[in-house]
Structure formats: structure tokens, C-alpha cells
Amino acid sequence: MIWELHELGFLPMQDPLGHLSDPALQPIERLALNLPRLVHERAFRRVSAEYLAEPLDWDSILSAREEHESERLFMLYSYFTSAYVHSPGLPAVDRIPSYLAVPLARLARHVERLPILSYASYCLHNWRRRDPNGPVALGNLELLQNFSLPGHGKEDEDWFILVHVDIEARAGAALRAVHAAKAVMAGDNSGAMETLLETTAGSMTEMNRTLARMPEGCSPDVYYTKVRPYIFGFTDVVYEGCFGDVPQTYRGETGAQSSIVPAMLAALGIRHENSLLTQHLDDLRNYMPRPHREFIRAQTSVRDYVIRVSTAGPGPDRRIKELYNECIRQLVAFRSRHFEYAVNYIEKKVTNPIATGGTPYIPWLHQLIEETKAYLLE
């Protein structure tokens, strides 16, 4: 796989590929380039087959691809399929034509994810640096693929996604810190644990600073009308030529498919009450890249260690408890800001209280915040 834990967290080790050079794949690139215009003209369903008329040998193509090339192919076909299914102003469809469905399903098996646009393609593999030697940070990032045209939502769409890319990069230090915690606890080194928790809290503070910038470049009205419509899931949709033509249902793209918060929950020892909410969150892990899911499962909670060293012995370490609590507070702040955006960007505009990931988000987000606060140590 193309990911291992590094300074940019769950972002790929190699910057995402911006263009496929294989001549046989140029019709795919041309469709990707023209997708925003075709969507705007409500012509994508009608003409997309013309771009992809030439059959391709996907076994041969994938056997010769490097993984960052496969990720680009999967990202593009995920966009194509969502553009086909979610076409505002056109009648609903319950079938994906085989020229889209078969490659998407084949690519999904190859990258070990589900055959729909999810966070990994929408965000993690959908950016480039303007200055290749500069940071992965807002101001030095551009989006690789859009649904919207310039002047018709592209700018807000870019900002919405690139804020998430920046958050992923800012999370890298926290993820590396909590990954090291198991060895630190095994050596019973409270000083090193203080350093790890301080790093984690600082990293999460930076995540919150980035998240707070969302309104700078993405307005609630444009998000609701130009960004959100394309990232819903599929309900009882036939992928022609796949799955025995049995209708398939998949969740839509959502930030809850990011692996950052689940990893932090595991590391901080936060367990939410079992409910339909937690079942939904567990299901969303199926949309994460396999190495990310494995990273979450491998985390060891620091909570019991923090409680022990901050309450026991002749010289209890009060600072370690305060640093742990600061991590909790930063997580609460992150979830609270997300709740605020859910209200302002979605809830005030809808009668249907279902998020793109398929959850009734307002009561559930509030529940997550309150349950997280309960883990603050006294």
C-alpha cells in the first residue's frame, strides 16, 4: 500500500498524481478535464460514454500501474459515477452503465475500498502543491478534480476539500505521537509521555485553527447548492455488469470517513455508548483505506497510564493529567466546531435531517460532544 505513518499523517506518502501519461488512458483524462463543464450543462450522462467508448483491458492496465496511478484512476471513476448518479435538475437514476460501473468496481477491488466516491479519493488523493518544495498547507494547495466550474462553485468546493487536506497534514504530529505511546508506557517513562501528550495537544490545536478557517472560502449557500449534492451515497443502485446486477447501497462521502478522530479516540481511551450512532461510525470505517483501519485498531489507550501516574506514588505527575485533559478539550473543540458547521451549512437549510454519510447528524453530533467531555479527568 502507498501509506505508512509519516509526518503528514494519513495523507499518502507520495503527493497525488495530477495526470496519467499512458496514451491509452487519455480519454479518461479528457473526461475528467471536461467533467465540470458537462455537469454544468447537464450533459454528463448523455455524452460521457463517448469519451470512454474504447474498451480497456483493466487486468493489464492495473498490473502495470504504480499505486498512485491506480489511486488517480479510482478517484476519477468515483467522480464520474457520482456525476452520473447525482445530476441536479435531471431525473433520478437507479442504474450505473457498465462503461462506468465495471471499471469502478474493478478499481475498487484493486485499492481495497468500496466502489463509490469516499473521503480517501475526495480528499486524501485529490490535491497538489503549487510549490512542490513548499508545505502541504492552505495557500500552497490546489485541487486536482472538481464537480464545479470556476465562478459556479469551484472556489468554494476547492476550499472545502483543501481545508480537510490541511487538517490531515496538521494531524500528522499527533498521530506519530500516539503511535509511540505504547513503547513509552512499556518503559514507564512519564517524562516522555508528557512530551507525547504535549505534541498531541499542539497538533490538535493546529487542526482546530485550520477548521476554523472554513468560512473564509466556503459559504454555506454555495456549499449546500454546489458542493453537497454530489457527495451523497447510492441507495439501491444497479452497477451494470457487476454484483450480479443486484442493487447496491453505499454511504456518501463524509469527513467521518477520516481516520484522525477514531485514532485519537482509541489513543485517549474514549469509548462512546453503544448505539445506532456508534454502529454507523463503525460502518464508516469500511470506507477508509485498509492501512488506516489497521492503524486505528493498533492504538493503545494512554488513559489508564495517565490516571496511574497522575494519582499514585509519592510524587504524582499532575502535568501529565493536564496535558491529557488538554487533548480531550481540543477534541471537544474540534467536534463542537464541526457541529456548528453542520447547523449553519446544512441544518438551517433542510427538512431532511440526514447527512451525506446517511446519519441524522444533529442529535448524534451533540451526543458525541457530551460523551467526549465526560472523559475529562478531575
# chains A, B, ... in the order shown; residues from 1 in each chain; ligands from 1

$ closest_atom_pairs --of "range 244-356 of chain A" --to "range 101-116 of chain A" --cutoff "9 Å" --atoms "only C-alpha atoms" --output "tab-separated table"
residue	atom	partner	partner_atom	distance
A:Tyr250	CA	A:Ile116	CA	7.1
A:Arg251	CA	A:Ile116	CA	8.2
A:Gly252	CA	A:Ile116	CA	7.6
A:Glu253	CA	A:Ile116	CA	8.3
A:Asn286	CA	A:Arg113	CA	7.4
A:Tyr287	CA	A:Arg113	CA	6.1
A:Met288	CA	A:Arg113	CA	7.1
A:Pro289	CA	A:Arg113	CA	6.4
A:Arg290	CA	A:Glu112	CA	6.9

$ write_last_selection --atoms "N, CA and C atoms" --output "compact mmCIF listing (two decimals), in the first residue's frame"
# COMPACT_ATOMS: atom_id res chain seq x y z
N TYR A 250 -24.56 2.25 -0.80
CA TYR A 250 -23.32 2.69 -0.17
C TYR A 250 -23.52 4.08 0.42
N ARG A 251 -22.79 4.36 1.48
CA ARG A 251 -22.84 5.69 2.09
C ARG A 251 -22.09 6.69 1.23
N GLY A 252 -22.48 7.97 1.39
CA GLY A 252 -21.80 9.03 0.66
C GLY A 252 -20.55 9.50 1.36
N GLU A 253 -19.82 10.36 0.65
CA GLU A 253 -18.59 10.92 1.19
C GLU A 253 -18.89 11.78 2.41
N ASN A 286 -15.40 1.08 7.06
CA ASN A 286 -15.26 0.25 5.86
C ASN A 286 -14.90 1.07 4.63
N TYR A 287 -15.07 2.39 4.72
CA TYR A 287 -14.76 3.26 3.60
C TYR A 287 -13.35 3.84 3.69
N MET A 288 -12.65 3.54 4.77
CA MET A 288 -11.29 4.02 4.96
C MET A 288 -10.31 3.09 4.27
N PRO A 289 -9.15 3.59 3.86
CA PRO A 289 -8.10 2.69 3.36
C PRO A 289 -7.74 1.65 4.42
N ARG A 290 -7.46 0.45 3.97
CA ARG A 290 -7.18 -0.64 4.91
C ARG A 290 -6.04 -0.32 5.89

$ atom_distance --atom1 "CA of Ser336 in chain A" --atom2 "CA of Glu370 in chain A"
9.8 Å

$ closest_residue --among "A:Arg319, A:Arg176, A:Asp236, A:His280" --to "Glu4 in chain A" --atoms "only C-alpha atoms"
A:Arg176

$ residues_around --residues "Ser310 in chain A" --least-positions-apart "3" --cutoff "12 Å" --atoms "only C-alpha atoms" --output "list in words"
Ser190, Gly191, Met193, Glu194, Arg303, Asp304, Tyr305, Val306, Ile307, Gly313, Pro314, Gly315, Pro316, Asp317, Arg318, Arg319, Ile320, Lys321, Glu322, Leu323, Tyr324, Asn325, Leu377 and Glu378 of chain A

$ write_last_selection --atoms "C-alpha atoms" --output "CSV table (one decimal), in the first residue's frame"
chain,number,residue,atom,x,y,z
A,190,SER,CA,6.3,9.6,32.3
A,191,GLY,CA,8.5,12.4,31.1
A,193,MET,CA,4.6,10.6,27.9
A,194,GLU,CA,4.3,14.3,28.8
A,303,ARG,CA,-5.8,6.8,29.7
A,304,ASP,CA,-5.1,4.2,32.4
A,305,TYR,CA,-1.4,5.1,32.4
A,306,VAL,CA,-2.2,8.8,32.8
A,307,ILE,CA,-4.6,8.1,35.7
A,313,GLY,CA,3.1,7.4,44.2
A,314,PRO,CA,5.0,9.9,46.3
A,315,GLY,CA,5.2,12.5,43.6
A,316,PRO,CA,2.1,12.3,41.4
A,317,ASP,CA,2.5,13.8,37.9
A,318,ARG,CA,-0.2,16.5,37.8
A,319,ARG,CA,1.1,17.9,34.5
A,320,ILE,CA,0.5,14.7,32.6
A,321,LYS,CA,-3.2,14.8,33.6
A,322,GLU,CA,-3.5,18.4,32.5
A,323,LEU,CA,-1.9,17.6,29.1
A,324,TYR,CA,-4.3,14.6,28.7
A,325,ASN,CA,-7.2,16.9,29.5
A,377,LEU,CA,-10.1,13.8,34.4
A,378,GLU,CA,-10.9,15.5,37.7

$ residues_around --residues "range 133-148 of chain A" --least-positions-apart "4" --cutoff "6 Å" --atoms "only C-alpha atoms" --output "number ranges by chain"
A: 36, 126-129, 153-154, 158, 166

$ write_last_selection --atoms "all heavy atoms" --output "compact mmCIF listing (two decimals), in the first residue's frame"
# COMPACT_ATOMS: atom_id res chain seq x y z
N PRO A 36 -16.52 19.15 -15.08
CA PRO A 36 -17.28 20.29 -14.52
C PRO A 36 -18.16 20.97 -15.57
O PRO A 36 -19.30 21.35 -15.27
CB PRO A 36 -16.18 21.22 -14.02
CG PRO A 36 -15.02 20.32 -13.75
CD PRO A 36 -15.07 19.29 -14.82
N ASN A 126 -6.55 13.97 -3.69
CA ASN A 126 -7.13 14.94 -4.62
C ASN A 126 -6.54 16.33 -4.42
O ASN A 126 -7.27 17.31 -4.34
CB ASN A 126 -8.66 14.97 -4.45
CG ASN A 126 -9.36 15.72 -5.55
OD1 ASN A 126 -8.82 15.92 -6.64
ND2 ASN A 126 -10.59 16.15 -5.28
N TRP A 127 -5.22 16.45 -4.39
CA TRP A 127 -4.57 17.73 -4.17
C TRP A 127 -3.18 17.73 -4.78
O TRP A 127 -2.60 16.69 -5.06
CB TRP A 127 -4.46 18.05 -2.67
CG TRP A 127 -3.80 16.95 -1.87
CD1 TRP A 127 -4.40 15.84 -1.32
CD2 TRP A 127 -2.40 16.83 -1.56
NE1 TRP A 127 -3.47 15.05 -0.68
CE2 TRP A 127 -2.24 15.63 -0.82
CE3 TRP A 127 -1.28 17.61 -1.84
CZ2 TRP A 127 -0.99 15.20 -0.36
CZ3 TRP A 127 -0.04 17.19 -1.38
CH2 TRP A 127 0.09 16.00 -0.64
N ARG A 128 -2.69 18.93 -4.99
CA ARG A 128 -1.30 19.11 -5.42
C ARG A 128 -0.73 20.34 -4.74
O ARG A 128 -1.47 21.23 -4.33
CB ARG A 128 -1.18 19.27 -6.94
CG ARG A 128 -1.84 20.52 -7.48
CD ARG A 128 -1.67 20.65 -8.98
NE ARG A 128 -0.29 20.92 -9.33
CZ ARG A 128 0.26 22.14 -9.37
NH1 ARG A 128 -0.48 23.22 -9.07
NH2 ARG A 128 1.52 22.31 -9.70
N ARG A 129 0.59 20.37 -4.61
CA ARG A 129 1.26 21.56 -4.10
C ARG A 129 1.57 22.50 -5.26
O ARG A 129 2.07 22.07 -6.29
CB ARG A 129 2.58 21.20 -3.41
CG ARG A 129 2.47 20.17 -2.31
CD ARG A 129 3.78 20.05 -1.58
NE ARG A 129 4.00 18.67 -1.13
CZ ARG A 129 4.78 18.33 -0.11
NH1 ARG A 129 5.41 19.26 0.57
NH2 ARG A 129 4.94 17.06 0.23
N GLY A 153 -19.10 27.74 -8.23
CA GLY A 153 -18.93 26.90 -7.05
C GLY A 153 -17.55 26.30 -6.88
O GLY A 153 -17.24 25.77 -5.82
N LYS A 154 -16.70 26.36 -7.93
CA LYS A 154 -15.39 25.72 -7.84
C LYS A 154 -14.57 26.25 -6.67
O LYS A 154 -13.91 25.46 -5.96
CB LYS A 154 -14.61 25.91 -9.14
CG LYS A 154 -13.20 25.30 -9.10
CD LYS A 154 -12.41 25.62 -10.35
CE LYS A 154 -11.06 24.90 -10.35
NZ LYS A 154 -10.21 25.23 -9.18
N ASP A 158 -13.21 23.89 -3.83
CA ASP A 158 -11.78 23.75 -3.57
C ASP A 158 -11.46 23.97 -2.09
O ASP A 158 -10.78 23.16 -1.46
CB ASP A 158 -10.98 24.77 -4.39
CG ASP A 158 -10.91 24.45 -5.86
OD1 ASP A 158 -11.54 23.46 -6.28
OD2 ASP A 158 -10.25 25.19 -6.59
N ASP A 166 -5.47 20.15 4.68
CA ASP A 166 -4.62 20.82 5.65
C ASP A 166 -4.78 20.20 7.04
O ASP A 166 -3.79 19.97 7.75
CB ASP A 166 -4.97 22.32 5.69
CG ASP A 166 -4.01 23.15 6.51
OD1 ASP A 166 -3.95 22.94 7.75
OD2 ASP A 166 -3.32 24.02 5.95

$ closest_residue --among "A:Glu198, A:Glu371, A:Glu240, A:Glu157" --to "Leu265 in chain A" --atoms "only C-alpha atoms"
A:Glu371

$ residues_around --residues "Leu331 in chain A" --least-positions-apart "6" --cutoff "10 Å" --atoms "only C-alpha atoms" --output "number ranges by chain"
A: 201, 204-205, 207-208, 261, 264-265, 325, 337, 369, 372-373

$ write_last_selection --atoms "all heavy atoms" --output "CSV table (one decimal), in the first residue's frame"
chain,number,residue,atom,x,y,z
A,201,ALA,N,-1.6,17.5,21.8
A,201,ALA,CA,-2.4,18.6,22.1
A,201,ALA,C,-2.1,19.8,21.1
A,201,ALA,O,-3.0,20.4,20.6
A,201,ALA,CB,-2.3,19.1,23.5
A,204,MET,N,-3.4,18.9,17.6
A,204,MET,CA,-4.9,19.1,17.6
A,204,MET,C,-5.3,20.6,17.6
A,204,MET,O,-6.3,21.0,17.0
A,204,MET,CB,-5.5,18.3,18.7
A,204,MET,CG,-5.3,16.8,18.6
A,204,MET,SD,-5.9,15.9,20.0
A,204,MET,CE,-7.6,15.9,19.7
A,205,THR,N,-4.5,21.4,18.3
A,205,THR,CA,-4.8,22.8,18.3
A,205,THR,C,-4.6,23.4,16.9
A,205,THR,O,-5.4,24.2,16.4
A,205,THR,CB,-3.8,23.5,19.2
A,205,THR,OG1,-4.0,23.1,20.6
A,205,THR,CG2,-4.0,25.1,19.2
A,207,MET,N,-5.0,21.7,14.1
A,207,MET,CA,-6.2,21.2,13.4
A,207,MET,C,-7.4,22.1,13.6
A,207,MET,O,-8.1,22.4,12.6
A,207,MET,CB,-6.5,19.8,13.9
A,207,MET,CG,-5.6,18.7,13.4
A,207,MET,SD,-5.9,17.1,14.3
A,207,MET,CE,-7.7,16.9,14.1
A,208,ASN,N,-7.6,22.5,14.8
A,208,ASN,CA,-8.7,23.4,15.1
A,208,ASN,C,-8.6,24.8,14.5
A,208,ASN,O,-9.5,25.4,14.0
A,208,ASN,CB,-8.9,23.5,16.6
A,208,ASN,CG,-9.7,22.4,17.2
A,208,ASN,OD1,-10.7,22.0,16.7
A,208,ASN,ND2,-9.1,21.8,18.3
A,261,VAL,N,-10.0,11.2,13.9
A,261,VAL,CA,-10.7,11.2,15.2
A,261,VAL,C,-10.8,9.8,15.7
A,261,VAL,O,-10.6,9.6,16.9
A,261,VAL,CB,-12.1,11.8,15.0
A,261,VAL,CG1,-13.0,11.6,16.2
A,261,VAL,CG2,-12.0,13.4,14.7
A,264,MET,N,-7.6,9.1,17.4
A,264,MET,CA,-7.5,9.9,18.7
A,264,MET,C,-8.3,9.3,19.8
A,264,MET,O,-7.9,9.2,21.0
A,264,MET,CB,-7.8,11.3,18.5
A,264,MET,CG,-6.8,12.1,17.6
A,264,MET,SD,-5.2,12.2,18.3
A,264,MET,CE,-4.3,11.1,17.3
A,265,LEU,N,-9.6,8.9,19.4
A,265,LEU,CA,-10.4,8.3,20.4
A,265,LEU,C,-9.8,7.0,21.0
A,265,LEU,O,-9.8,6.8,22.2
A,265,LEU,CB,-11.8,7.9,19.8
A,265,LEU,CG,-12.7,9.1,19.3
A,265,LEU,CD1,-13.9,8.5,18.6
A,265,LEU,CD2,-13.1,9.9,20.5
A,325,ASN,N,-6.0,16.1,29.6
A,325,ASN,CA,-7.2,16.9,29.5
A,325,ASN,C,-7.2,17.9,28.4
A,325,ASN,O,-8.3,18.1,27.8
A,325,ASN,CB,-7.5,17.6,30.9
A,325,ASN,CG,-8.1,16.6,31.9
A,325,ASN,OD1,-8.6,15.6,31.6
A,325,ASN,ND2,-8.0,17.0,33.1
A,337,ARG,N,-16.9,22.6,16.8
A,337,ARG,CA,-16.8,23.4,15.5
A,337,ARG,C,-17.5,22.7,14.4
A,337,ARG,O,-18.3,23.3,13.6
A,337,ARG,CB,-15.4,23.7,15.2
A,337,ARG,CG,-15.2,24.6,13.9
A,337,ARG,CD,-15.5,26.0,14.2
A,337,ARG,NE,-14.5,26.6,15.0
A,337,ARG,CZ,-14.5,27.9,15.3
A,337,ARG,NH1,-15.4,28.8,14.8
A,337,ARG,NH2,-13.6,28.4,16.1
A,369,ILE,N,-20.2,15.0,21.4
A,369,ILE,CA,-19.5,16.0,22.2
A,369,ILE,C,-19.7,15.8,23.7
A,369,ILE,O,-18.7,15.9,24.4
A,369,ILE,CB,-20.1,17.4,21.8
A,369,ILE,CG1,-19.7,17.8,20.3
A,369,ILE,CG2,-19.6,18.5,22.7
A,369,ILE,CD1,-20.5,18.9,19.8
A,372,THR,N,-17.7,12.9,24.9
A,372,THR,CA,-16.3,13.2,25.0
A,372,THR,C,-15.9,14.0,26.2
A,372,THR,O,-14.9,13.7,26.9
A,372,THR,CB,-15.8,13.9,23.7
A,372,THR,OG1,-16.2,13.1,22.5
A,372,THR,CG2,-14.3,14.1,23.6
A,373,LYS,N,-16.7,15.0,26.5
A,373,LYS,CA,-16.5,15.8,27.7
A,373,LYS,C,-16.4,15.0,29.0
A,373,LYS,O,-15.6,15.3,29.9
A,373,LYS,CB,-17.6,16.9,27.8
A,373,LYS,CG,-17.6,18.0,26.8
A,373,LYS,CD,-18.7,18.9,27.1
A,373,LYS,CE,-18.8,20.1,26.1
A,373,LYS,NZ,-20.0,20.9,26.3

$ residues_around --residues "Leu100 in chain A" --least-positions-apart "2" --cutoff "10 Å" --atoms "only C-alpha atoms" --output "ChimeraX atom specification"
/A:48-49,52,77-78,80-81,84,96-98,102-105,239-241

$ closest_residue --among "A:Gly244, A:Val343, A:Gln299, A:Pro229" --to "Pro262 in chain A" --atoms "only C-alpha atoms"
A:Gln299

$ select_by_dssp --residues "range 25-245 of chain A" --states "strand (DSSP E or B)" --output "list in words"
Arg95, Ile96, Trp127, Arg128, Arg129, Leu141, Glu142, Leu143, Phe234, Thr235, Asp236, Val237, Val238 and Tyr239 of chain A

$ atom_distance --atom1 "CA of Leu56 in chain A" --atom2 "CA of Ala24 in chain A"
8.1 Å

$ select_by_dssp --residues "range 169-350 of chain A" --states "alpha helix (DSSP H)" --output "MDAnalysis selection string"
chainID A and resid 169:170 172:186 190:211 214:217 220:222 260:268 276:284 290:298 303:311 318:341

$ atom_distance --atom1 "CA of Leu365 in chain A" --atom2 "CA of Val237 in chain A"
28.5 Å
